>>> print(open('start.csv').read())   # CSV, C-alpha atoms
chain,number,residue,atom,x,y,z
A,1,MET,CA,12.3,-45.4,-8.5
A,2,THR,CA,13.6,-45.6,-4.9
A,3,LYS,CA,11.4,-44.6,-2.0
A,4,LYS,CA,13.5,-41.5,-1.4
A,5,THR,CA,13.1,-40.4,-5.0
A,6,ASN,CA,9.4,-41.0,-4.7
A,7,LEU,CA,9.3,-38.9,-1.6
A,8,PHE,CA,11.3,-36.1,-3.2
A,9,TYR,CA,8.9,-35.9,-6.2
A,10,SER,CA,5.9,-36.1,-4.0
A,11,LEU,CA,7.1,-33.2,-1.9
A,12,ILE,CA,7.8,-31.2,-5.1
A,13,VAL,CA,4.1,-31.8,-6.0
A,14,VAL,CA,3.1,-30.6,-2.5
A,15,ILE,CA,5.1,-27.4,-2.8
A,16,LEU,CA,3.6,-26.7,-6.2
A,17,PHE,CA,0.2,-27.2,-4.8
A,18,VAL,CA,0.8,-24.8,-1.9
A,19,VAL,CA,2.3,-22.2,-4.2
A,20,MET,CA,-0.7,-22.5,-6.6
A,21,ALA,CA,-3.1,-22.2,-3.6
A,22,ALA,CA,-1.3,-19.1,-2.4
A,23,VAL,CA,-1.2,-17.5,-5.9
A,24,PHE,CA,-4.9,-18.1,-6.5
A,25,ASN,CA,-5.7,-16.8,-3.0
A,26,LEU,CA,-8.8,-19.1,-2.7
A,27,SER,CA,-10.8,-16.6,-0.7
A,28,GLY,CA,-14.0,-18.1,-2.2
A,29,ALA,CA,-13.0,-21.6,-0.9
A,30,ARG,CA,-12.3,-20.1,2.6
A,31,ARG,CA,-15.7,-18.3,2.6
A,32,ILE,CA,-17.5,-21.6,1.6
A,33,THR,CA,-15.7,-23.4,4.4
A,34,LEU,CA,-16.7,-20.7,6.8
A,35,ASN,CA,-20.3,-20.9,5.8
A,36,LEU,CA,-20.4,-24.7,5.9
A,37,PHE,CA,-18.7,-25.0,9.3
A,38,ALA,CA,-20.2,-22.0,11.1
A,39,PRO,CA,-23.5,-23.8,12.1
A,40,LEU,CA,-21.5,-26.8,13.3
A,41,GLN,CA,-19.1,-24.6,15.2
A,42,SER,CA,-21.9,-22.6,16.7
A,43,THR,CA,-23.7,-25.7,17.9
A,44,THR,CA,-20.6,-27.2,19.4
A,45,SER,CA,-19.7,-23.9,21.0
A,46,PHE,CA,-23.2,-23.6,22.4
A,47,LEU,CA,-23.2,-27.2,23.8
A,48,TRP,CA,-19.8,-26.7,25.4
A,49,GLN,CA,-20.9,-23.4,27.0
A,50,SER,CA,-24.1,-25.0,28.3
A,51,THR,CA,-22.1,-27.9,29.7
A,52,ILE,CA,-19.6,-25.8,31.6
A,53,LYS,CA,-22.3,-23.4,32.8
A,54,VAL,CA,-24.5,-26.0,34.4
A,55,PRO,CA,-22.3,-26.6,37.6
A,56,ALA,CA,-21.6,-22.8,37.8
A,57,SER,CA,-25.2,-21.9,37.7
A,58,VAL,CA,-26.2,-24.5,40.3
A,59,ILE,CA,-23.6,-23.1,42.6
A,60,GLY,CA,-24.5,-19.5,41.6
A,61,VAL,CA,-28.2,-19.8,42.6
A,62,TRP,CA,-27.2,-19.6,46.3
A,63,GLY,CA,-25.7,-16.2,46.1
A,64,LEU,CA,-28.1,-14.7,43.5
A,65,GLY,CA,-29.9,-12.3,45.9
A,66,ARG,CA,-26.7,-10.8,47.3
A,67,GLU,CA,-25.2,-10.6,43.8
A,68,ASN,CA,-28.3,-8.9,42.4
A,69,ALA,CA,-28.2,-6.2,45.1
A,70,HIS,CA,-24.5,-5.7,44.5
A,71,LEU,CA,-25.0,-5.4,40.8
A,72,LYS,CA,-27.9,-2.9,41.2
A,73,THR,CA,-25.6,-0.7,43.3
A,74,GLN,CA,-22.9,-0.9,40.7
A,75,LEU,CA,-25.3,-0.1,37.9
A,76,THR,CA,-26.5,3.0,39.7
A,77,ALA,CA,-22.9,4.1,40.2
A,78,LEU,CA,-22.1,3.4,36.5
A,79,GLU,CA,-25.2,5.4,35.4
A,80,ILE,CA,-24.0,8.4,37.4
A,81,LYS,CA,-20.5,8.0,35.9
A,82,ILE,CA,-21.9,7.8,32.4
A,83,SER,CA,-24.0,10.9,32.8
A,84,LEU,CA,-20.9,12.8,34.2
A,85,LEU,CA,-18.8,11.6,31.3
A,86,GLN,CA,-21.5,12.6,28.8
A,87,ALA,CA,-21.4,16.0,30.3
A,88,VAL,CA,-17.6,16.1,29.9
A,89,ALA,CA,-17.9,14.8,26.3
A,90,ALA,CA,-20.5,17.5,25.5
A,91,GLU,CA,-18.2,20.2,27.0
A,92,ASN,CA,-15.2,18.8,25.1
A,93,LYS,CA,-17.2,18.9,21.9
A,94,ARG,CA,-18.4,22.5,22.6
A,95,LEU,CA,-14.8,23.6,23.2
A,96,ASN,CA,-13.5,21.8,20.1
A,97,ASP,CA,-16.3,23.4,18.1
A,98,ALA,CA,-15.4,26.8,19.5
A,99,LEU,CA,-11.7,26.2,18.5
A,100,ASN,CA,-12.8,24.9,15.1
A,101,PHE,CA,-11.2,21.5,15.8
A,102,VAL,CA,-12.2,18.7,13.5
A,103,VAL,CA,-12.3,15.6,15.7
A,104,ALA,CA,-13.4,12.1,15.1
A,105,ASN,CA,-16.5,10.9,16.8
A,106,ARG,CA,-15.1,9.1,19.8
A,107,TYR,CA,-18.2,9.0,21.8
A,108,GLY,CA,-20.9,7.6,19.5
A,109,PHE,CA,-19.6,4.2,18.5
A,110,ASP,CA,-22.1,1.4,17.9
A,111,LEU,CA,-20.9,-1.8,19.5
A,112,LEU,CA,-22.0,-5.1,18.1
A,113,PRO,CA,-21.6,-8.0,20.5
A,114,VAL,CA,-20.5,-11.2,18.9
A,115,GLU,CA,-19.7,-14.7,20.1
A,116,VAL,CA,-16.5,-16.6,19.4
A,117,ILE,CA,-17.4,-20.0,17.9
A,118,GLY,CA,-14.0,-21.1,16.7
A,119,ARG,CA,-10.3,-20.4,16.4
A,120,GLN,CA,-7.5,-21.3,14.0
A,121,ASP,CA,-4.1,-20.2,15.3
A,122,ASN,CA,-4.4,-16.4,15.7
A,123,LEU,CA,-7.8,-16.1,13.9
A,124,LEU,CA,-11.1,-16.1,15.7
A,125,ILE,CA,-14.3,-17.3,14.0
A,126,ILE,CA,-17.3,-15.3,15.2
A,127,ASN,CA,-21.0,-16.1,14.9
A,128,LYS,CA,-22.1,-13.0,12.9
A,129,GLY,CA,-21.3,-12.0,9.4
A,130,ARG,CA,-22.5,-9.9,6.5
A,131,SER,CA,-26.2,-10.4,7.3
A,132,ALA,CA,-25.6,-8.7,10.7
A,133,GLY,CA,-23.6,-5.8,9.1
A,134,VAL,CA,-20.1,-7.1,9.8
A,135,ALA,CA,-17.6,-5.8,7.3
A,136,VAL,CA,-13.8,-6.2,6.6
A,137,ASP,CA,-11.5,-4.0,8.8
A,138,MET,CA,-14.1,-3.5,11.6
A,139,PRO,CA,-12.1,-3.3,14.9
A,140,ALA,CA,-12.8,-5.9,17.6
A,141,LEU,CA,-12.3,-5.3,21.3
A,142,VAL,CA,-13.1,-6.5,24.8
A,143,LYS,CA,-13.4,-4.4,27.9
A,144,ASP,CA,-9.7,-4.9,28.7
A,145,GLY,CA,-8.5,-3.7,25.3
A,146,LEU,CA,-8.0,-4.2,21.6
A,147,VAL,CA,-8.4,-7.7,20.2
A,148,GLY,CA,-8.0,-7.4,16.4
A,149,ARG,CA,-9.9,-6.6,13.2
A,150,ILE,CA,-12.2,-8.4,10.8
A,151,VAL,CA,-10.3,-9.8,7.8
A,152,GLU,CA,-12.8,-12.1,6.1
A,153,VAL,CA,-16.6,-12.1,6.1
A,154,ALA,CA,-19.1,-14.8,5.1
A,155,ASN,CA,-22.9,-14.6,5.4
A,156,ASN,CA,-23.3,-15.6,9.0
A,157,SER,CA,-19.8,-15.7,10.3
A,158,ALA,CA,-16.5,-13.8,10.0
A,159,LYS,CA,-12.8,-14.1,10.9
A,160,VAL,CA,-11.0,-11.8,13.3
A,161,LEU,CA,-7.2,-11.5,13.0
A,162,LEU,CA,-5.8,-11.1,16.5
A,163,ILE,CA,-3.2,-8.4,17.1
A,164,ILE,CA,-0.8,-11.0,18.6
A,165,ASP,CA,-0.4,-12.5,15.1
A,166,PRO,CA,3.0,-11.7,13.5
A,167,VAL,CA,1.1,-10.6,10.3
A,168,SER,CA,-0.9,-8.0,12.2
A,169,SER,CA,0.3,-4.4,12.7
A,170,VAL,CA,-1.5,-1.5,14.5
A,171,ALA,CA,-0.5,2.2,14.7
A,172,ALA,CA,0.0,2.8,18.4
A,173,ALA,CA,1.1,5.4,20.8
A,174,VAL,CA,2.4,5.4,24.4
A,175,GLN,CA,-0.4,7.2,26.3
A,176,LYS,CA,1.7,9.4,28.6
A,177,SER,CA,4.6,10.3,26.3
A,178,ARG,CA,2.6,10.2,23.0
A,179,ASP,CA,5.5,8.5,21.3
A,180,GLN,CA,4.2,6.8,18.1
A,181,GLY,CA,5.1,3.4,16.8
A,182,ILE,CA,3.7,0.2,15.3
A,183,ILE,CA,2.5,-2.7,17.4
A,184,VAL,CA,3.3,-6.1,16.0
A,185,GLY,CA,2.5,-9.6,17.4
A,186,VAL,CA,5.3,-11.8,18.7
A,187,THR,CA,3.8,-14.5,20.8
A,188,ALA,CA,0.4,-15.4,22.4
A,189,ARG,CA,1.5,-13.3,25.4
A,190,SER,CA,3.6,-10.5,24.0
A,191,LEU,CA,3.6,-7.7,21.5
A,192,LYS,CA,6.4,-5.4,20.3
A,193,LEU,CA,6.1,-1.6,19.7
A,194,LYS,CA,8.5,-1.0,16.9
A,195,TYR,CA,9.8,2.0,15.0
A,196,LEU,CA,9.8,4.5,17.9
A,197,VAL,CA,11.9,7.4,16.8
A,198,ARG,CA,12.2,8.7,20.4
A,199,GLY,CA,11.7,6.8,23.5
A,200,GLU,CA,13.5,8.6,26.3
A,201,ASN,CA,10.2,9.4,28.2
A,202,ILE,CA,8.7,5.9,28.1
A,203,ARG,CA,8.6,4.2,31.5
A,204,LEU,CA,7.9,0.6,32.4
A,205,GLY,CA,4.1,0.1,33.1
A,206,ASP,CA,3.1,2.9,30.7
A,207,LEU,CA,-0.1,2.1,28.8
A,208,VAL,CA,0.1,1.7,25.0
A,209,VAL,CA,-3.1,2.7,23.1
A,210,THR,CA,-4.2,2.9,19.5
A,211,SER,CA,-2.9,6.0,17.8
A,212,SER,CA,-5.0,8.7,16.2
A,213,THR,CA,-3.1,8.1,13.0
A,214,SER,CA,-4.7,4.7,12.5
A,215,LEU,CA,-7.1,4.5,9.7
A,216,ILE,CA,-8.8,1.3,11.0
A,217,PHE,CA,-8.8,1.6,14.8
A,218,PRO,CA,-10.3,4.4,16.9
A,219,ALA,CA,-7.8,6.3,18.9
A,220,GLY,CA,-7.3,5.6,22.6
A,221,VAL,CA,-8.2,1.9,22.8
A,222,PRO,CA,-5.8,0.2,25.3
A,223,ILE,CA,-3.5,-2.4,23.7
A,224,GLY,CA,-1.0,-3.3,26.4
A,225,ILE,CA,1.5,-2.3,29.1
A,226,VAL,CA,5.2,-1.6,28.6
A,227,THR,CA,7.3,-4.4,30.1
A,228,LYS,CA,10.7,-3.8,28.6
A,229,ILE,CA,12.5,-1.0,26.7
A,230,HIS,CA,15.3,-1.8,24.3
A,231,LYS,CA,17.5,1.2,23.9
A,232,ASN,CA,20.1,0.3,21.3
A,233,VAL,CA,22.2,3.3,20.6
A,234,SER,CA,23.5,1.8,17.3
A,235,GLU,CA,20.0,1.5,15.9
A,236,LEU,CA,17.7,4.2,14.6
A,237,PHE,CA,14.6,3.2,16.4
A,238,TYR,CA,13.6,2.1,19.9
A,239,GLU,CA,11.8,-1.1,20.5
A,240,VAL,CA,9.5,-1.8,23.4
A,241,ASP,CA,8.0,-5.1,24.7
A,242,VAL,CA,4.3,-4.8,25.5
A,243,ALA,CA,2.1,-7.2,27.4
A,244,PRO,CA,-1.4,-7.2,26.0
A,245,THR,CA,-4.2,-6.0,28.3
A,246,ALA,CA,-6.7,-8.5,26.8
A,247,ASP,CA,-6.4,-12.2,27.6
A,248,PHE,CA,-6.3,-13.9,24.2
A,249,SER,CA,-6.7,-17.4,25.6
A,250,ARG,CA,-10.1,-16.6,27.2
A,251,LEU,CA,-12.1,-14.9,24.5
A,252,GLU,CA,-15.7,-15.9,24.5
A,253,GLU,CA,-17.6,-12.7,23.6
A,254,ILE,CA,-16.1,-9.7,21.9
A,255,TYR,CA,-17.4,-6.4,20.5
A,256,LEU,CA,-17.1,-5.0,17.0
A,257,ILE,CA,-17.1,-1.3,16.4
A,258,LYS,CA,-19.6,-0.5,13.6
B,1,MET,CA,-16.9,-47.5,3.8
B,2,ARG,CA,-13.4,-47.2,5.2
B,3,TYR,CA,-12.9,-43.9,3.4
B,4,PHE,CA,-16.3,-42.6,4.4
B,5,GLN,CA,-15.4,-43.4,8.0
B,6,LEU,CA,-12.1,-41.6,7.6
B,7,PHE,CA,-13.9,-38.6,6.0
B,8,ILE,CA,-16.3,-38.2,8.9
B,9,TYR,CA,-13.5,-38.8,11.4
B,10,SER,CA,-11.4,-36.0,9.8
B,11,LEU,CA,-14.3,-33.6,9.8
B,12,ALA,CA,-14.8,-34.3,13.5
B,13,ILE,CA,-11.1,-33.7,14.2
B,14,LEU,CA,-11.2,-30.4,12.3
B,15,LEU,CA,-14.3,-29.3,14.2
B,16,LEU,CA,-12.7,-30.2,17.5
B,17,GLN,CA,-9.5,-28.4,16.5
B,18,THR,CA,-11.2,-25.2,15.6
B,19,THR,CA,-13.9,-25.1,18.2
B,20,LEU,CA,-13.2,-26.8,21.5
B,21,ILE,CA,-9.4,-27.3,21.6
B,22,PRO,CA,-8.5,-23.6,21.7
B,23,ARG,CA,-10.7,-23.3,24.8
B,24,TRP,CA,-8.5,-25.8,26.6
B,25,ALA,CA,-5.4,-23.7,26.2
B,26,ILE,CA,-2.7,-24.1,28.9
B,27,PHE,CA,-0.4,-21.0,29.2
B,28,GLY,CA,-1.9,-19.9,25.8
B,29,VAL,CA,-0.8,-23.2,24.2
B,30,PHE,CA,-3.2,-25.8,22.8
B,31,PRO,CA,-2.5,-29.1,21.1
B,32,ASP,CA,-2.6,-29.8,17.3
B,33,LEU,CA,-4.9,-32.7,16.8
B,34,VAL,CA,-4.4,-32.6,13.0
B,35,LEU,CA,-0.7,-33.1,13.4
B,36,ILE,CA,-1.2,-36.0,15.8
B,37,VAL,CA,-3.7,-37.7,13.4
B,38,ILE,CA,-1.4,-37.2,10.4
B,39,VAL,CA,1.6,-38.8,12.3
B,40,ILE,CA,-0.5,-41.8,13.4
B,41,TYR,CA,-2.0,-42.2,10.0
B,42,SER,CA,1.4,-42.1,8.3
B,43,ILE,CA,3.0,-44.7,10.5
B,44,ASN,CA,1.9,-47.7,8.4
B,45,ARG,CA,0.4,-46.3,5.2
B,46,PRO,CA,2.0,-46.1,1.8
B,47,LEU,CA,3.6,-42.7,1.0
B,48,GLU,CA,1.0,-41.6,-1.6
B,49,LYS,CA,-2.0,-42.3,0.8
B,50,ALA,CA,-0.3,-40.7,3.8
B,51,LEU,CA,0.9,-37.7,1.9
B,52,ALA,CA,-2.5,-37.1,0.3
B,53,PHE,CA,-4.2,-37.3,3.7
B,54,ALA,CA,-1.6,-34.9,5.3
B,55,LEU,CA,-2.0,-32.4,2.4
B,56,ILE,CA,-5.8,-32.5,2.5
B,57,MET,CA,-5.9,-32.2,6.3
B,58,GLY,CA,-3.3,-29.4,6.4
B,59,PHE,CA,-5.1,-27.6,3.5
B,60,ALA,CA,-8.5,-27.9,5.2
B,61,GLN,CA,-6.9,-26.4,8.4
B,62,ASP,CA,-5.6,-23.6,6.3
B,63,LEU,CA,-9.0,-22.9,4.9
B,64,PHE,CA,-10.0,-21.7,8.4
B,65,GLY,CA,-7.0,-19.3,8.3
B,66,PHE,CA,-6.3,-16.2,6.3
B,67,GLY,CA,-4.5,-17.1,3.1
B,68,GLY,CA,-1.3,-18.6,4.3
B,69,TYR,CA,-0.9,-22.3,3.3
B,70,THR,CA,1.7,-23.1,5.9
B,71,ASN,CA,-0.2,-26.0,7.5
B,72,ALA,CA,-0.6,-27.9,4.2
B,73,LEU,CA,3.2,-27.6,3.6
B,74,VAL,CA,4.3,-28.3,7.1
B,75,LYS,CA,2.0,-31.3,7.5
B,76,ALA,CA,3.3,-32.7,4.3
B,77,ILE,CA,6.9,-32.3,5.4
B,78,VAL,CA,6.1,-34.0,8.7
B,79,CYS,CA,4.5,-36.9,6.8
B,80,GLY,CA,7.6,-37.2,4.7
B,81,GLY,CA,9.7,-37.2,7.8
B,82,VAL,CA,7.6,-40.0,9.4
B,83,PHE,CA,7.9,-42.0,6.1
B,84,LEU,CA,11.7,-41.7,6.1
B,85,LEU,CA,12.2,-42.5,9.8
B,86,ARG,CA,9.8,-45.4,10.1
B,87,GLU,CA,12.0,-47.3,7.6
B,88,LYS,CA,14.9,-47.1,10.0
B,89,PHE,CA,13.0,-47.9,13.1
B,90,SER,CA,12.4,-51.5,14.2
B,91,GLY,CA,11.0,-51.1,17.7
B,92,ASP,CA,7.5,-50.7,19.2
B,93,THR,CA,5.0,-48.7,17.1
B,94,GLY,CA,3.8,-46.8,20.2
B,95,LEU,CA,7.3,-45.6,20.9
B,96,LEU,CA,7.8,-44.5,17.3
B,97,ILE,CA,4.5,-42.5,17.4
B,98,THR,CA,5.5,-40.9,20.7
B,99,GLY,CA,8.9,-39.9,19.3
B,100,MET,CA,7.6,-38.7,16.0
B,101,ILE,CA,4.9,-36.6,17.7
B,102,ALA,CA,7.3,-35.0,20.2
B,103,GLY,CA,9.9,-34.4,17.4
B,104,SER,CA,7.4,-33.0,14.9
B,105,THR,CA,5.8,-30.7,17.5
B,106,VAL,CA,9.1,-29.0,18.2
B,107,PHE,CA,9.9,-29.0,14.4
B,108,VAL,CA,6.6,-27.4,13.5
B,109,SER,CA,6.9,-24.7,16.2
B,110,LEU,CA,10.5,-23.8,15.1
B,111,LEU,CA,9.5,-23.9,11.4
B,112,LEU,CA,6.6,-21.5,11.9
B,113,ALA,CA,8.8,-19.2,14.0
B,114,PHE,CA,11.3,-19.1,11.2
B,115,TYR,CA,8.6,-18.5,8.6
B,116,HIS,CA,7.3,-15.5,10.5
B,117,TYR,CA,10.8,-14.2,11.0
B,118,TYR,CA,11.8,-14.6,7.4
B,119,PHE,CA,8.6,-13.5,5.6
B,120,PHE,CA,7.2,-10.9,8.1
B,121,ALA,CA,10.4,-9.8,9.9
B,122,SER,CA,8.7,-10.9,13.1
B,123,PRO,CA,11.1,-11.1,16.1
B,124,VAL,CA,11.6,-14.6,17.5
B,125,ALA,CA,11.1,-14.9,21.2
B,126,TRP,CA,13.3,-17.9,21.8
B,127,GLY,CA,12.4,-18.3,25.5
B,128,TRP,CA,8.7,-18.4,24.6
B,129,GLU,CA,9.2,-20.6,21.6
B,130,LEU,CA,11.1,-23.2,23.6
B,131,SER,CA,8.8,-23.1,26.7
B,132,SER,CA,5.6,-23.2,24.6
B,133,SER,CA,7.1,-26.1,22.5
B,134,LEU,CA,7.7,-28.0,25.7
B,135,VAL,CA,4.2,-27.5,26.9
B,136,ARG,CA,2.8,-28.3,23.5
B,137,VAL,CA,4.8,-31.6,23.3
B,138,VAL,CA,3.4,-32.7,26.7
B,139,TYR,CA,-0.1,-31.6,25.7
B,140,ASN,CA,0.2,-33.3,22.2
B,141,LEU,CA,1.4,-36.6,23.8
B,142,PHE,CA,-1.5,-36.5,26.2
B,143,MET,CA,-3.9,-36.0,23.4
B,144,THR,CA,-2.2,-38.8,21.4
B,145,MET,CA,-3.1,-41.2,24.2
B,146,VAL,CA,-6.7,-40.0,24.1
B,147,ILE,CA,-6.9,-40.2,20.3
B,148,LEU,CA,-5.3,-43.7,20.2
B,149,THR,CA,-7.8,-44.9,22.9
B,150,PHE,CA,-10.8,-43.7,20.9
B,151,SER,CA,-9.8,-44.1,17.3
B,152,LYS,CA,-7.1,-46.7,16.9
B,153,LYS,CA,-9.3,-48.6,14.5
B,154,VAL,CA,-9.7,-45.7,12.1
B,155,LEU,CA,-6.1,-44.5,12.1
B,156,LEU,CA,-3.9,-47.5,12.5
B,157,SER,CA,-4.6,-50.0,9.7
B,158,ASP,CA,-3.6,-53.7,10.3
B,159,GLU,CA,-3.9,-54.7,6.7
B,160,GLN,CA,-0.9,-54.6,4.4
B,161,GLU,CA,-1.6,-52.0,1.8
>>> encode(input="start.csv", output="structure tokens")
Amino acid sequence: MTKKTNLFYSLIVVILFVVMAAVFNLSGARRITLNLFAPLQSTTSFLWQSTIKVPASVIGVWGLGRENAHLKTQLTALEIKISLLQAVAAENKRLNDALNFVVANRYGFDLLPVEVIGRQDNLLIINKGRSAGVAVDMPALVKDGLVGRIVEVANNSAKVLLIIDPVSSVAAAVQKSRDQGIIVGVTARSLKLKYLVRGENIRLGDLVVTSSTSLIFPAGVPIGIVTKIHKNVSELFYEVDVAPTADFSRLEEIYLIK
Amino acid sequence: MRYFQLFIYSLAILLLQTTLIPRWAIFGVFPDLVLIVIVIYSINRPLEKALAFALIMGFAQDLFGFGGYTNALVKAIVCGGVFLLREKFSGDTGLLITGMIAGSTVFVSLLLAFYHYYFFASPVAWGWELSSSLVRVVYNLFMTMVILTFSKKVLLSDEQE
């Protein structure tokens, strides 16, 4: 057998192996890998965080007093803001009740803070799993906006599929115009809002949020900002380029909605 | 002993790739240590050994993913490419490694873009694909220098196998 024939047969074996792996799904093997590697990833992540935080904390000690005073002022302002918003929420609920509206509970979410300990392409590996109450399809977010959702759970770790992955899709709406579409991932820095039936009222800079039609994500979570509108008259739908509000290259701590 | 050393080394590479490397992203792009290690390992190994190593490493990488086994397939294809091209190359090994890593980085990026376009109807952002490939090539070549400095003995075998 020549070397080329040898290579050809070897690649056929590889393709068969990959097809078999895909057919049998192997979620058990993935969970075992997650369980085995999570402690190692957690330790490595902790060591790295500690290493990079040492110089920052040494420098930070000098300005601690001033920062503390500033944070206290901010905290007071935020507490006042929260109490005002709670009053608005209560009023909103009362008015909805009066109108017999059935609305989802948008104000009583439990947030579970989790730490990112690893990443493989567009999947994050987090340090909490089934034992902490993490379940498949839980939405993940940061203060800037939506990050993704849980796709696989092990005992003490789980995987989050980022919304920038081409496999991911999220029901979304443009906040101002309320035009509905589906957000899909394109690159690490851009998303696309597809299947917009109407798009005349969309403007550059408009905020895209999760839609109330989504069965997984709560409505109103920021996803991104409109950066380009494709109006092709020959096509049925509009397409909009969206820049995500969350920075996917700097995710250290995220929150899961329980 | 040699295989045990390689096993521990591979685990360390996988741990680095999934834990620290993503934190060192530049413009959202980070290097692929597994690809680099596979190319270097395939340079002077027999096909069976190199292909088995590429398949196992790619598959292990996929186990951190969510059901797609693209890494196993792509890494095996890259290994095959190295095997074919090394036969035709008679120059310096370092130059061959550099060329193969640069070429395979672009190849893998384009192949994955095609995969997402074909199977998930995901639009291809050509500008992004090309610019991120360029950044990844530079980043991968830098990491190749680092890897060769620290682990030449494990990856590049001098013995005739």
>>> closest_atom_pairs(input="start.csv", of="chain B", to="chain A", cutoff="8 Å", atoms="only C-alpha atoms", output="Markdown table")
| residue | atom | partner | partner_atom | distance |
| --- | --- | --- | --- | --- |
| B:Leu15 | CA | A:Gln41 | CA | 6.8 |
| B:Gln17 | CA | A:Gln120 | CA | 7.8 |
| B:Thr18 | CA | A:Arg119 | CA | 4.9 |
| B:Thr19 | CA | A:Gly118 | CA | 4.3 |
| B:Leu20 | CA | A:Ser45 | CA | 7.1 |
| B:Pro22 | CA | A:Arg119 | CA | 6.4 |
| B:Arg23 | CA | A:Arg250 | CA | 7.1 |
| B:Ala25 | CA | A:Ser249 | CA | 6.5 |
| B:Gly28 | CA | A:Ser249 | CA | 5.4 |
| B:Leu47 | CA | A:Leu7 | CA | 7.3 |
| B:Glu48 | CA | A:Ser10 | CA | 7.7 |
| B:Leu51 | CA | A:Ser10 | CA | 7.9 |
| B:Leu55 | CA | A:Val14 | CA | 7.3 |
| B:Gln61 | CA | A:Gln120 | CA | 7.6 |
| B:Leu63 | CA | A:Arg30 | CA | 4.9 |
| B:Phe64 | CA | A:Gln120 | CA | 6.1 |
| B:Gly65 | CA | A:Gln120 | CA | 6.1 |
| B:Phe66 | CA | A:Glu152 | CA | 7.7 |
| B:Gly67 | CA | A:Asn25 | CA | 6.2 |
| B:Gly68 | CA | A:Ala22 | CA | 6.7 |
| B:Tyr69 | CA | A:Val18 | CA | 6.0 |
| B:Ala72 | CA | A:Val18 | CA | 7.0 |
| B:Leu73 | CA | A:Val18 | CA | 6.6 |
| B:Ala76 | CA | A:Val14 | CA | 7.1 |
| B:Ile77 | CA | A:Leu11 | CA | 7.4 |
| B:Gly80 | CA | A:Leu7 | CA | 6.7 |
| B:Leu84 | CA | A:Lys4 | CA | 7.7 |
| B:His116 | CA | A:Pro166 | CA | 6.5 |
| B:Phe120 | CA | A:Val167 | CA | 6.5 |
| B:Ser122 | CA | A:Pro166 | CA | 5.8 |
| B:Pro123 | CA | A:Val186 | CA | 6.4 |
| B:Val124 | CA | A:Val186 | CA | 7.0 |
| B:Ala125 | CA | A:Val186 | CA | 7.0 |
| B:Trp128 | CA | A:Thr187 | CA | 7.3 |
>>> write_last_selection(input="start.csv", atoms="C-alpha atoms", output="PDB file, keeping the file's coordinate frame")
ATOM      1  CA  LEU B  15     -14.300 -29.300  14.200  1.00  0.00           C
ATOM      2  CA  GLN B  17      -9.500 -28.400  16.500  1.00  0.00           C
ATOM      3  CA  THR B  18     -11.200 -25.200  15.600  1.00  0.00           C
ATOM      4  CA  THR B  19     -13.900 -25.100  18.200  1.00  0.00           C
ATOM      5  CA  LEU B  20     -13.200 -26.800  21.500  1.00  0.00           C
ATOM      6  CA  PRO B  22      -8.500 -23.600  21.700  1.00  0.00           C
ATOM      7  CA  ARG B  23     -10.700 -23.300  24.800  1.00  0.00           C
ATOM      8  CA  ALA B  25      -5.400 -23.700  26.200  1.00  0.00           C
ATOM      9  CA  GLY B  28      -1.900 -19.900  25.800  1.00  0.00           C
ATOM     10  CA  LEU B  47       3.600 -42.700   1.000  1.00  0.00           C
ATOM     11  CA  GLU B  48       1.000 -41.600  -1.600  1.00  0.00           C
ATOM     12  CA  LEU B  51       0.900 -37.700   1.900  1.00  0.00           C
ATOM     13  CA  LEU B  55      -2.000 -32.400   2.400  1.00  0.00           C
ATOM     14  CA  GLN B  61      -6.900 -26.400   8.400  1.00  0.00           C
ATOM     15  CA  LEU B  63      -9.000 -22.900   4.900  1.00  0.00           C
ATOM     16  CA  PHE B  64     -10.000 -21.700   8.400  1.00  0.00           C
ATOM     17  CA  GLY B  65      -7.000 -19.300   8.300  1.00  0.00           C
ATOM     18  CA  PHE B  66      -6.300 -16.200   6.300  1.00  0.00           C
ATOM     19  CA  GLY B  67      -4.500 -17.100   3.100  1.00  0.00           C
ATOM     20  CA  GLY B  68      -1.300 -18.600   4.300  1.00  0.00           C
ATOM     21  CA  TYR B  69      -0.900 -22.300   3.300  1.00  0.00           C
ATOM     22  CA  ALA B  72      -0.600 -27.900   4.200  1.00  0.00           C
ATOM     23  CA  LEU B  73       3.200 -27.600   3.600  1.00  0.00           C
ATOM     24  CA  ALA B  76       3.300 -32.700   4.300  1.00  0.00           C
ATOM     25  CA  ILE B  77       6.900 -32.300   5.400  1.00  0.00           C
ATOM     26  CA  GLY B  80       7.600 -37.200   4.700  1.00  0.00           C
ATOM     27  CA  LEU B  84      11.700 -41.700   6.100  1.00  0.00           C
ATOM     28  CA  HIS B 116       7.300 -15.500  10.500  1.00  0.00           C
ATOM     29  CA  PHE B 120       7.200 -10.900   8.100  1.00  0.00           C
ATOM     30  CA  SER B 122       8.700 -10.900  13.100  1.00  0.00           C
ATOM     31  CA  PRO B 123      11.100 -11.100  16.100  1.00  0.00           C
ATOM     32  CA  VAL B 124      11.600 -14.600  17.500  1.00  0.00           C
ATOM     33  CA  ALA B 125      11.100 -14.900  21.200  1.00  0.00           C
ATOM     34  CA  TRP B 128       8.700 -18.400  24.600  1.00  0.00           C
TER      35      TRP B 128
END
>>> atom_distance(input="start.csv", atom1="CA of Gly133 in chain A", atom2="CA of Arg149 in chain A")
14.3 Å
>>> residues_around(input="start.csv", residues="range 35-45 of chain B", least_positions_apart="3", cutoff="9 Å", atoms="all atoms listed in the file", output="ChimeraX atom specification")
/B:10,13,31-32,48-51,53-54,57-58,75-76,78-80,82-83,86,93,96-97,100-101,104-105,140-141,143-144,147-148,152,154-158,160-161
